[in-house]
>>> print(open('model00.cif').read())   # mmCIF, C-alpha atoms
data_target
loop_
_atom_site.label_atom_id
_atom_site.label_comp_id
_atom_site.auth_asym_id
_atom_site.auth_seq_id
_atom_site.Cartn_x
_atom_site.Cartn_y
_atom_site.Cartn_z
CA MET B 47 0.00 0.00 0.00
CA PRO B 48 1.27 3.52 -0.78
CA LEU B 49 1.53 4.50 2.88
CA THR B 50 4.42 6.10 4.73
CA LEU B 51 5.28 6.20 8.40
CA ALA B 52 4.19 9.85 8.47
CA ILE B 53 0.73 9.05 7.11
CA LEU B 54 0.26 6.19 9.56
CA CYS B 55 1.33 8.32 12.53
CA VAL B 56 -1.07 11.14 11.61
CA ALA B 57 -3.89 8.61 11.21
CA LEU B 58 -3.01 7.10 14.59
CA GLY B 59 -3.12 10.54 16.20
CA VAL B 60 -6.53 11.27 14.70
CA LEU B 61 -7.83 7.91 15.93
CA VAL B 62 -6.42 8.14 19.45
CA PHE B 63 -7.45 11.71 20.14
CA SER B 64 -10.84 11.62 18.41
CA THR B 65 -11.86 8.68 20.60
CA ARG B 66 -10.71 10.61 23.71
CA LEU B 67 -8.28 7.90 24.76
CA LEU B 68 -5.98 10.78 25.73
CA ALA B 69 -7.58 13.63 27.60
CA PHE B 70 -5.38 16.60 26.70
CA ASP B 71 -5.61 18.71 23.54
CA PRO B 72 -2.28 18.82 21.60
CA ASP B 73 -3.23 22.00 19.74
CA PRO B 74 -0.09 24.04 18.85
CA ARG B 75 -2.10 27.23 19.43
CA THR B 76 -2.38 26.22 23.10
CA TRP B 77 1.07 24.71 23.54
CA ASP B 78 2.94 27.33 21.50
CA THR B 79 6.18 27.30 23.52
CA VAL B 80 6.32 23.49 23.74
CA THR B 81 5.59 23.32 20.01
CA GLU B 82 8.45 25.69 19.24
CA ARG B 83 10.97 23.79 21.37
CA LEU B 84 9.98 20.30 20.27
CA THR B 85 10.02 21.12 16.55
CA GLU B 86 13.30 23.00 17.06
CA LEU B 87 14.90 19.87 18.51
CA VAL B 88 13.64 17.64 15.70
CA VAL B 89 14.88 20.01 13.01
CA ILE B 90 18.43 20.31 14.33
CA ILE B 91 18.76 16.52 14.71
CA ALA B 92 17.48 16.09 11.15
CA LEU B 93 19.99 18.68 9.92
CA MET B 94 22.89 16.78 11.48
CA GLY B 95 21.76 13.56 9.81
CA ALA B 96 21.34 15.31 6.46
CA GLY B 97 24.83 16.79 6.56
CA LEU B 98 26.50 13.53 7.55
CA LYS B 99 25.01 11.52 4.69
CA LEU B 100 25.97 13.87 1.84
CA ASP B 101 28.81 12.20 -0.05
CA ARG B 102 29.42 15.07 -2.48
CA PRO B 103 32.05 17.59 -1.28
CA LEU B 104 30.94 21.20 -1.03
CA GLY B 105 31.60 23.17 -4.21
CA TRP B 106 30.12 25.82 -6.47
CA ARG B 107 29.66 23.61 -9.53
CA ARG B 108 29.00 20.40 -7.62
CA TRP B 109 26.20 22.06 -5.66
CA SER B 110 24.73 24.07 -8.52
CA SER B 111 21.24 22.60 -8.05
CA THR B 112 21.34 23.62 -4.41
CA TRP B 113 22.35 27.20 -5.11
CA ARG B 114 19.63 27.54 -7.74
CA LEU B 115 16.92 26.28 -5.39
CA LEU B 116 18.14 28.54 -2.58
CA ALA B 117 18.82 31.72 -4.53
CA ILE B 118 15.90 31.57 -6.96
CA ALA B 119 13.19 29.09 -5.93
CA MET B 120 13.03 30.04 -2.26
CA PRO B 121 12.70 33.87 -2.69
CA LEU B 122 10.16 33.33 -5.48
CA THR B 123 8.15 31.01 -3.24
CA ILE B 124 8.23 33.46 -0.34
CA ALA B 125 7.12 36.34 -2.57
CA ALA B 126 4.36 34.33 -4.28
CA VAL B 127 2.96 32.86 -1.05
CA ALA B 128 3.07 36.28 0.64
CA TRP B 129 1.16 37.77 -2.31
CA LEU B 130 -1.44 34.98 -2.06
CA GLY B 131 -1.69 35.67 1.66
CA VAL B 132 -2.47 39.34 1.11
CA ALA B 133 -4.54 39.16 -2.08
CA GLY B 134 -6.22 35.79 -1.62
CA LEU B 135 -6.56 35.37 2.14
CA GLY B 136 -6.78 38.99 3.25
CA PHE B 137 -3.90 38.58 5.69
CA SER B 138 -1.88 41.52 6.92
CA LEU B 139 1.51 41.97 5.26
CA ALA B 140 3.23 40.66 8.40
CA MET B 141 1.17 37.48 8.55
CA ALA B 142 1.49 36.94 4.79
CA LEU B 143 5.28 37.28 5.02
CA LEU B 144 5.31 34.78 7.86
CA LEU B 145 3.24 32.33 5.82
CA GLY B 146 5.62 32.72 2.88
CA ALA B 147 8.73 32.25 5.02
CA ALA B 148 7.24 29.20 6.75
CA MET B 149 6.18 27.49 3.52
CA ALA B 150 9.31 28.17 1.45
CA PRO B 151 11.86 25.76 3.00
CA THR B 152 11.95 22.12 1.95
CA ASP B 153 11.61 20.26 5.23
CA PRO B 154 14.62 18.11 6.27
CA VAL B 155 12.49 16.18 8.77
CA LEU B 156 9.69 14.44 6.91
CA ALA B 157 11.48 14.08 3.58
CA ALA B 158 13.70 11.04 4.26
CA ASP B 159 12.14 9.20 1.31
CA VAL B 160 13.42 11.83 -1.14
CA GLN B 161 16.84 12.32 0.45
CA VAL B 162 20.15 10.62 -0.26
CA GLY B 163 20.97 7.31 1.36
CA PRO B 164 23.31 6.72 4.32
CA PRO B 165 26.95 7.83 4.11
CA ALA B 166 28.95 6.17 1.31
CA SER B 167 25.91 4.18 0.15
CA GLY B 168 26.08 5.60 -3.38
CA ASP B 169 22.38 6.49 -3.31
CA GLU B 170 22.88 10.10 -4.35
CA ASP B 171 21.35 10.99 -7.71
CA GLU B 172 20.89 14.65 -8.59
CA VAL B 173 17.28 14.85 -7.39
CA ARG B 174 17.99 13.31 -3.99
CA PHE B 175 21.14 15.35 -3.58
CA GLY B 176 19.45 18.62 -4.54
CA LEU B 177 16.53 18.12 -2.16
CA THR B 178 18.76 17.00 0.73
CA SER B 179 21.27 19.82 0.42
CA GLU B 180 18.50 22.39 -0.10
CA ALA B 181 16.73 21.15 3.03
CA GLY B 182 19.98 21.42 4.96
CA LEU B 183 20.52 25.08 4.15
CA ASN B 184 17.16 26.69 3.49
CA ASP B 185 15.86 26.39 7.05
CA ALA B 186 18.49 28.91 8.12
CA LEU B 187 18.07 31.08 5.02
CA ALA B 188 14.32 31.39 5.63
CA PHE B 189 14.94 32.74 9.12
CA PRO B 190 15.71 36.34 8.02
CA PHE B 191 12.28 36.49 6.39
CA VAL B 192 10.66 35.27 9.61
CA HIS B 193 12.39 38.15 11.39
CA LEU B 194 11.21 40.48 8.63
CA ALA B 195 7.64 39.35 9.31
CA ILE B 196 8.13 39.99 13.04
CA LEU B 197 9.49 43.45 12.17
CA ALA B 198 6.46 44.12 9.97
CA ALA B 199 4.13 43.05 12.78
CA ALA B 200 5.77 45.65 15.00
CA GLY B 201 5.38 48.34 12.32
CA GLY B 202 9.12 48.57 11.74
CA LEU B 203 9.13 48.41 7.94
CA ALA B 204 8.77 52.18 7.76
CA SER B 205 11.83 52.72 9.96
CA THR B 206 15.19 53.05 8.21
CA GLY B 207 17.01 52.17 11.42
CA ALA B 208 14.96 49.01 11.94
CA LEU B 209 15.55 47.87 8.34
CA THR B 210 19.26 48.60 8.65
CA ASP B 211 19.39 46.52 11.83
CA TRP B 212 17.54 43.71 10.04
CA VAL B 213 20.05 43.66 7.18
CA ALA B 214 23.14 44.01 9.38
CA VAL B 215 22.14 41.71 12.23
CA LYS B 216 19.31 39.39 11.19
CA VAL B 217 20.80 38.72 7.75
CA ALA B 218 24.56 39.35 7.68
CA TRP B 219 25.74 38.71 11.23
CA LYS B 220 23.48 35.78 12.07
CA LEU B 221 24.32 33.94 8.84
CA LEU B 222 28.06 34.57 9.22
CA ALA B 223 28.01 33.56 12.90
CA GLY B 224 26.07 30.39 12.12
CA ALA B 225 28.45 29.33 9.35
CA GLY B 226 31.56 30.29 11.33
CA VAL B 227 30.66 28.61 14.61
CA GLY B 228 29.39 25.51 12.80
CA PHE B 229 32.70 25.21 10.95
CA VAL B 230 34.79 25.64 14.11
CA VAL B 231 32.78 23.10 16.11
CA GLY B 232 32.85 20.70 13.18
CA ARG B 233 36.63 20.99 12.85
CA ALA B 234 37.04 20.37 16.58
CA PHE B 235 34.92 17.23 16.44
CA ALA B 236 36.68 16.01 13.27
CA PHE B 237 40.02 16.41 15.06
CA LEU B 238 38.83 14.50 18.11
CA LEU B 239 37.18 11.75 16.10
CA PHE B 240 39.76 11.15 13.38
CA HIS B 241 43.06 13.04 13.50
CA ASN B 242 43.57 12.70 17.24
CA ALA B 243 42.70 9.00 17.10
CA ARG B 244 45.20 8.38 14.28
CA ALA B 245 47.90 9.95 16.43
CA GLY B 246 47.17 7.53 19.26
CA GLY B 247 44.95 9.83 21.30
CA THR B 248 41.51 9.20 22.73
CA ARG B 249 39.12 7.29 20.46
CA PHE B 250 35.40 7.93 20.39
CA GLY B 251 33.22 5.06 19.23
CA ASP B 252 29.62 5.88 20.02
CA GLY B 253 26.97 7.31 17.72
CA LEU B 254 25.89 9.51 20.62
CA VAL B 255 28.70 11.82 19.52
CA ALA B 256 26.36 13.02 16.76
CA LEU B 257 23.91 14.32 19.35
CA ALA B 258 26.74 16.01 21.27
CA ALA B 259 27.95 17.74 18.11
CA THR B 260 24.40 18.83 17.28
CA LEU B 261 23.69 20.38 20.66
CA LEU B 262 27.11 21.98 21.08
CA ALA B 263 27.06 23.57 17.63
CA TYR B 264 23.53 24.83 18.14
CA THR B 265 24.14 26.16 21.66
CA ALA B 266 27.42 27.88 20.80
CA THR B 267 25.78 29.58 17.83
CA GLU B 268 22.81 30.74 19.86
CA LEU B 269 25.25 32.26 22.37
CA ALA B 270 26.90 34.07 19.46
CA HIS B 271 23.45 35.25 18.30
CA GLY B 272 23.73 33.33 15.03
CA TYR B 273 21.46 30.92 13.20
CA GLY B 274 21.83 27.56 14.91
CA PHE B 275 20.15 25.65 12.07
CA LEU B 276 22.89 26.74 9.69
CA ALA B 277 25.60 25.92 12.25
CA VAL B 278 24.41 22.34 12.76
CA PHE B 279 24.36 21.59 9.04
CA ILE B 280 27.77 23.19 8.44
CA CYS B 281 29.12 21.29 11.46
CA ALA B 282 27.89 18.01 9.97
CA LEU B 283 29.45 18.77 6.57
CA THR B 284 32.74 19.69 8.25
CA ILE B 285 32.82 16.48 10.33
CA ARG B 286 32.12 14.46 7.19
CA SER B 287 34.93 16.17 5.29
CA GLY B 288 37.42 15.43 8.08
CA GLU B 289 37.67 11.75 7.09
CA ARG B 290 35.13 11.27 4.33
CA ASP B 291 35.29 7.46 4.04
CA HIS B 292 35.46 6.57 7.74
CA VAL B 293 32.94 4.00 8.94
CA PHE B 294 32.09 6.09 12.02
CA HIS B 295 30.01 8.46 9.86
CA GLN B 296 27.56 5.61 9.39
CA GLU B 297 27.25 5.11 13.16
CA MET B 298 26.63 8.80 13.80
CA HIS B 299 24.10 8.99 10.98
CA ASP B 300 22.24 5.91 12.20
CA PHE B 301 22.01 7.28 15.73
CA SER B 302 20.72 10.65 14.51
CA ASP B 303 18.26 8.89 12.24
CA GLN B 304 16.86 6.77 15.07
CA ILE B 305 16.38 9.75 17.39
CA GLU B 306 14.84 11.75 14.55
CA ARG B 307 12.35 8.99 13.72
CA LEU B 308 11.24 8.63 17.33
CA LEU B 309 10.63 12.37 17.67
CA ILE B 310 8.91 12.52 14.27
CA MET B 311 6.49 9.80 15.32
CA LEU B 312 5.66 11.73 18.49
CA LEU B 313 5.16 15.00 16.58
CA LEU B 314 2.98 13.44 13.90
CA VAL B 315 0.73 11.67 16.39
CA LEU B 316 0.30 15.01 18.16
CA PHE B 317 -0.37 16.67 14.80
CA GLY B 318 -3.08 14.12 14.10
CA GLY B 319 -4.53 14.86 17.52
CA ALA B 320 -4.54 18.59 16.76
CA LEU B 321 -6.40 17.89 13.51
CA SER B 322 -9.03 15.86 15.33
CA ASN B 323 -9.43 18.60 17.93
CA GLY B 324 -10.17 21.45 15.55
CA LEU B 325 -6.90 22.75 14.10
CA LEU B 326 -8.61 23.19 10.72
CA ASP B 327 -11.91 24.58 12.05
CA ALA B 328 -11.07 28.11 10.88
CA LEU B 329 -10.21 26.93 7.36
CA THR B 330 -12.38 28.31 4.56
CA TRP B 331 -12.73 27.14 0.96
CA THR B 332 -10.58 30.06 -0.14
CA ASP B 333 -7.91 29.07 2.38
CA ALA B 334 -7.96 25.50 1.08
CA LEU B 335 -7.61 26.64 -2.55
CA VAL B 336 -4.66 28.85 -1.65
CA GLY B 337 -3.09 25.96 0.25
CA LEU B 338 -3.46 23.67 -2.77
CA ALA B 339 -1.97 26.38 -4.98
CA VAL B 340 1.10 26.56 -2.73
CA VAL B 341 1.68 22.81 -3.03
CA PHE B 342 0.78 22.25 -6.68
CA VAL B 343 1.58 25.58 -8.36
CA VAL B 344 3.84 27.95 -6.41
CA ARG B 345 6.64 25.59 -5.35
CA PRO B 346 6.72 23.61 -8.64
CA VAL B 347 6.76 26.75 -10.82
CA ALA B 348 9.42 28.41 -8.65
CA GLY B 349 11.52 25.26 -8.78
CA LEU B 350 11.26 24.99 -12.55
CA VAL B 351 12.24 28.65 -12.96
CA ALA B 352 15.24 28.03 -10.72
CA MET B 353 16.38 25.06 -12.80
CA LEU B 354 16.21 26.86 -16.18
CA GLY B 355 19.54 26.50 -17.94
CA SER B 356 20.84 23.95 -15.41
CA GLY B 357 21.47 21.29 -18.06
CA HIS B 358 19.68 18.62 -16.05
CA PRO B 359 17.10 16.38 -17.74
CA MET B 360 13.52 17.62 -17.58
CA ARG B 361 12.38 14.73 -15.41
CA GLU B 362 14.95 15.66 -12.77
CA ARG B 363 13.93 19.31 -12.91
CA LEU B 364 10.26 18.39 -12.45
CA LEU B 365 11.00 16.24 -9.41
CA LEU B 366 13.31 18.84 -7.85
CA ALA B 367 10.54 21.40 -8.29
CA PHE B 368 7.64 19.26 -7.09
CA LEU B 369 9.04 17.37 -4.11
CA GLY B 370 9.24 20.06 -1.44
CA ILE B 371 7.45 21.39 1.67
CA ARG B 372 6.22 18.64 4.16
CA GLY B 373 6.27 20.85 7.24
CA VAL B 374 7.86 20.35 10.68
CA GLY B 375 10.13 23.32 10.03
CA SER B 376 7.08 25.32 8.99
CA VAL B 377 5.43 24.63 12.34
CA TYR B 378 8.59 25.79 14.11
CA TYR B 379 8.73 29.08 12.23
CA VAL B 380 5.08 29.89 12.84
CA ALA B 381 5.36 29.05 16.55
CA TYR B 382 8.62 31.03 16.85
CA ALA B 383 7.18 34.12 15.17
CA ILE B 384 3.96 34.11 17.16
CA ASN B 385 5.96 33.74 20.38
CA HIS B 386 8.23 36.66 19.44
CA GLY B 387 5.87 39.04 17.64
CA ASP B 388 2.36 40.45 17.70
CA PHE B 389 0.42 39.03 14.75
CA GLY B 390 -3.04 39.24 16.26
CA ASP B 391 -5.49 36.40 15.74
CA SER B 392 -3.58 33.45 14.26
CA GLU B 393 -6.43 30.91 13.99
CA ARG B 394 -6.64 31.03 10.18
CA LEU B 395 -2.86 31.10 9.83
CA TRP B 396 -2.53 27.88 11.81
CA ALA B 397 -5.41 26.37 9.84
CA VAL B 398 -3.77 27.17 6.48
CA VAL B 399 -0.37 25.90 7.64
CA GLY B 400 -1.90 22.73 9.05
CA PHE B 401 -3.82 22.11 5.82
CA ILE B 402 -0.74 22.58 3.63
CA ILE B 403 1.28 20.23 5.83
CA LEU B 404 -1.47 17.60 5.72
CA VAL B 405 -1.74 17.83 1.91
CA SER B 406 2.05 17.64 1.55
CA ILE B 407 2.33 14.61 3.85
CA LEU B 408 -0.36 12.79 1.88
CA VAL B 409 0.56 13.82 -1.68
CA HIS B 410 4.34 13.79 -1.44
CA GLY B 411 4.33 10.77 0.86
CA VAL B 412 2.35 8.67 -1.64
CA THR B 413 4.08 9.87 -4.82
CA ALA B 414 7.73 10.46 -3.87
CA ALA B 415 8.98 6.87 -3.70
CA PRO B 416 7.28 5.67 -6.93
CA LEU B 417 8.43 8.75 -8.87
CA LEU B 418 12.03 8.43 -7.74
CA GLU B 419 12.06 4.70 -8.37
CA ARG B 420 10.71 5.26 -11.87
CA LEU B 421 13.41 7.86 -12.48
CA ALA B 422 16.11 5.47 -11.27
CA ARG B 423 14.72 2.63 -13.39
CA ARG B 424 14.73 4.79 -16.52
CA ARG B 425 18.30 5.81 -15.82
CA ARG B 426 19.38 2.18 -15.32
CA ASP B 427 17.61 1.02 -18.47
CA GLY B 428 18.85 3.99 -20.49
CA ASN B 429 15.55 4.24 -22.38
CA ASP B 430 14.78 7.86 -21.62
CA ALA B 431 15.60 10.37 -24.36
CA ASP B 432 16.40 13.04 -21.78
CA PHE B 433 19.11 10.93 -20.20
CA ARG B 434 20.58 9.85 -23.55
CA ALA B 435 20.72 13.48 -24.72
CA ASP B 436 22.47 14.71 -21.59
CA PRO B 437 24.18 11.76 -19.89
CA ALA B 438 26.54 13.74 -17.67
CA PRO B 439 26.01 17.49 -17.33
CA ALA B 440 29.01 19.47 -16.18
CA THR B 441 27.27 20.40 -12.94
CA GLN B 442 26.48 16.80 -12.06
CA PRO B 443 29.71 14.94 -11.28
CA ASP B 444 29.74 11.19 -10.84
CA THR B 445 29.60 10.58 -7.08
CA ARG B 446 29.83 6.80 -7.21
CA PRO B 447 32.85 5.36 -5.36
CA PRO B 448 35.64 3.82 -7.51
CA ALA B 449 35.24 0.12 -8.15
CA ALA B 450 38.55 -0.82 -6.62
CA ALA B 451 39.56 2.07 -4.41
CA PRO B 452 41.97 1.04 -1.66
CA PRO B 453 40.85 1.68 1.93
CA ARG B 454 42.09 4.85 3.47
CA ALA B 455 44.49 4.72 6.33
CA GLY B 456 43.09 5.48 9.71
CA PRO B 457 41.49 3.96 12.77
CA ARG B 458 38.90 1.29 12.07
CA GLN B 459 35.74 0.74 14.02
CA GLY B 460 36.55 -1.14 17.16
CA ASP B 461 40.22 -0.03 17.35
#
>>> encode(input="model00.cif", output="structure tokens")
Amino acid sequence: MPLTLAILCVALGVLVFSTRLLAFDPDPRTWDTVTERLTELVVIIALMGAGLKLDRPLGWRRWSSTWRLLAIAMPLTIAAVAWLGVAGLGFSLAMALLLGAAMAPTDPVLAADVQVGPPASGDEDEVRFGLTSEAGLNDALAFPFVHLAILAAAGGLASTGALTDWVAVKVAWKLLAGAGVGFVVGRAFAFLLFHNARAGGTRFGDGLVALAATLLAYTATELAHGYGFLAVFICALTIRSGERDHVFHQEMHDFSDQIERLLIMLLLVLFGGALSNGLLDALTWTDALVGLAVVFVVRPVAGLVAMLGSGHPMRERLLLAFLGIRGVGSVYYVAYAINHGDFGDSERLWAVVGFIILVSILVHGVTAAPLLERLARRRRDGNDADFRADPAPATQPDTRPPAAAPPRAGPRQGD
């Protein structure tokens, strides 16, 4: 059956809470602070796992799909969703900006079925790589627009000083601090895990190290007033680059993946409970149509515009454009903004966000695996004209490991 773990967990939450087997109401509008913290934790753990499993080294040409999705698709999505919020939903500019910022990032949490495989598994085609790397970076890059929405809610868009502070602090400093602290913490962990061990120093052999790196990178960046989401992902990439082929990356990834799955199950059951207890009560037909437009029109069109001239086959461009959203990060951004700004009545905002997340979980959950499998099958069979016409674009290097590459020197698992 075309069912995913996410769909089953949401259904379980609806069943359990609609029958009143659990007495409390898990509505994020009531538990706004708990919602913010719990989704925050899930996102940073997912970001560590995403960074650890990317086999492709960071580079301008190697990551061209990522840069296109971040620099073109995400701003277009934010602008289009914000316009729909104002023109279609009648939201204030602040609330419309918040909706756009929350819906733009591809979620790293619920999108495991469209991401690359475990470290060194070789399961890293262009679509999976583009979606995984985009999800790793766009959560942090959407944050400045969340702060812009908070500024708009406070009436600060008319103030030159407030806008200057937003550009200098919320954009420039926080991004630089996040990248810098993440790199430093990642280098420190790479030294302890690999270089120090090769020199006969202390050896670390527990996947729990991944959680330590996640929390330390995030905490240090928050103390530096940077974007912790960016720091965690950069930290993971830096650890991976320290000894790219070491078996310990697999252990750290597996541990992060297990913790992430447990927390996802909890969140999705609670989300199902919120649905059964009236999260969508404020939703109107207009709201639903706008939500469907975000999933089926805005993100796909923005993604296709971003991939113009990329040289990738059309099937890959379509999948990169279509397979986005999901939504745990979106819940975090909405909860964060409402807890830090004055947006007024947020009932319809939560209803629209909840509806979009539900549609994305159902539609992308059912279609992602078959679409990607069909793409892989066509590539293996070589019977697709797109692939024959453009077998190896310059921006898509072959990431498969050599057939007979000798093992790298270094400590082995269990040393």
>>> closest_residue(input="model00.cif", among="B:Leu68, B:Ala142, B:Leu61, B:Ile371", to="Asp185 (chain B)", atoms="all atoms listed in the file")
B:Ile371
>>> residues_around(input="model00.cif", residues="Ala414 (chain B)", least_positions_apart="5", cutoff="12 Å", atoms="only C-alpha atoms", output="JSON, numbers by chain")
{"B": [48, 49, 50, 156, 157, 158, 159, 160, 161, 173, 174, 177, 364, 365, 366, 368, 369, 370, 372, 406, 407, 408, 409, 419, 420, 421]}
>>> closest_residue(input="model00.cif", among="B:Arg233, B:Lys216, B:Lys99, B:Arg108", to="Gly163 (chain B)", atoms="all atoms listed in the file")
B:Lys99
>>> resolve_selection(input="model00.cif", expression="the PyMOL selection byres ((chain B and resi 190) around 9)", output="PyMOL selection string")
chain B and resi 147+186-189+191-195+212-213+216-217+220-221
>>> residues_around(input="model00.cif", residues="Val374 (chain B)", least_positions_apart="3", cutoff="9 Å", atoms="only C-alpha atoms", output="tab-separated table (two decimals) with C-alpha atoms, in the frame of the given file")
chain	number	residue	atom	x	y	z
B	85	THR	CA	10.02	21.12	16.55
B	86	GLU	CA	13.30	23.00	17.06
B	88	VAL	CA	13.64	17.64	15.70
B	89	VAL	CA	14.88	20.01	13.01
B	153	ASP	CA	11.61	20.26	5.23
B	154	PRO	CA	14.62	18.11	6.27
B	155	VAL	CA	12.49	16.18	8.77
B	156	LEU	CA	9.69	14.44	6.91
B	310	ILE	CA	8.91	12.52	14.27
B	313	LEU	CA	5.16	15.00	16.58
B	377	VAL	CA	5.43	24.63	12.34
B	378	TYR	CA	8.59	25.79	14.11
B	379	TYR	CA	8.73	29.08	12.23
B	403	ILE	CA	1.28	20.23	5.83
>>> resolve_selection(input="model00.cif", expression="the PyMOL selection byres ((chain B and resi 341-345) around 12)", output="VMD selection string")
chain B and resid 115 118 to 130 146 149 to 152 334 to 340 346 to 352 364 to 373 398 to 399 401 to 410
>>> atom_distance(input="model00.cif", atom1="CA of Gly387 (chain B)", atom2="CA of Ala200 (chain B)")
7.1 Å
>>> resolve_selection(input="model00.cif", expression="the PyMOL selection byres ((chain B and resi 199) around 12)", output="ChimeraX atom specification")
/B:137-144,192-198,200-204,383-384,386-390
>>> atom_distance(input="model00.cif", atom1="CA of Tyr382 (chain B)", atom2="CA of Ala263 (chain B)")
19.9 Å
>>> closest_residue(input="model00.cif", among="B:Gly182, B:Gly400, B:Gly272, B:Gly253", to="Ala223 (chain B)", atoms="all atoms listed in the file")
B:Gly272
>>> atom_distance(input="model00.cif", atom1="CA of Pro416 (chain B)", atom2="CA of Phe317 (chain B)")
25.5 Å
>>> residues_near_point(input="model00.cif", point="(16.5, 17.0, 16.2)", cutoff="9 Å", atoms="all atoms listed in the file", output="list in words")
Leu84, Thr85, Glu86, Leu87, Val88, Val89, Ile90, Ile91, Ala92, Leu93, Met94, Gly95, Val155, Leu257, Thr260, Ser302, Ile305, Glu306 and Leu309 of chain B
>>> closest_residue(input="model00.cif", among="B:Gly274, B:Gly288, B:Gly136, B:Pro103", to="Ser179 (chain B)", atoms="all atoms listed in the file")
B:Pro103
>>> axis_aligned_box(input="model00.cif", around="region 223-232 of chain B", padding_each_side="8 Å", output="lines of an AutoDock Vina configuration file")
center_x = 30.4
center_y = 27.1
center_z = 12.7
size_x = 24.7
size_y = 28.9
size_z = 22.8
>>> closest_residue(input="model00.cif", among="B:Leu135, B:Leu254, B:Val412, B:Ala234", to="Ala397 (chain B)", atoms="only C-alpha atoms")
B:Leu135
>>> closest_residue(input="model00.cif", among="B:Gly375, B:Gly411, B:Gly232, B:Pro165", to="Thr81 (chain B)", atoms="all atoms listed in the file")
B:Gly375
>>> residues_around(input="model00.cif", residues="Thr265 (chain B)", least_positions_apart="4", cutoff="12 Å", atoms="only C-alpha atoms", output="list in words")
Leu87, Ile90, Gly224, Val227, Gly228, Val231, Ala258, Ala259, Thr260, Leu261, Leu269, Ala270, His271, Gly272, Tyr273, Gly274, Phe275, Ala277 and Val278 of chain B
>>> write_last_selection(input="model00.cif", atoms="C-alpha atoms", output="compact mmCIF listing (two decimals), keeping the file's coordinate frame")
# COMPACT_ATOMS: atom_id res chain seq x y z
CA LEU B 87 14.90 19.87 18.51
CA ILE B 90 18.43 20.31 14.33
CA GLY B 224 26.07 30.39 12.12
CA VAL B 227 30.66 28.61 14.61
CA GLY B 228 29.39 25.51 12.80
CA VAL B 231 32.78 23.10 16.11
CA ALA B 258 26.74 16.01 21.27
CA ALA B 259 27.95 17.74 18.11
CA THR B 260 24.40 18.83 17.28
CA LEU B 261 23.69 20.38 20.66
CA LEU B 269 25.25 32.26 22.37
CA ALA B 270 26.90 34.07 19.46
CA HIS B 271 23.45 35.25 18.30
CA GLY B 272 23.73 33.33 15.03
CA TYR B 273 21.46 30.92 13.20
CA GLY B 274 21.83 27.56 14.91
CA PHE B 275 20.15 25.65 12.07
CA ALA B 277 25.60 25.92 12.25
CA VAL B 278 24.41 22.34 12.76
>>> residues_around(input="model00.cif", residues="Thr65 (chain B)", least_positions_apart="4", cutoff="12 Å", atoms="only C-alpha atoms", output="list of chain:residue names")
B:Leu58, B:Gly59, B:Val60, B:Leu61, B:Ala69, B:Phe70, B:Gly319, B:Ser322, B:Asn323
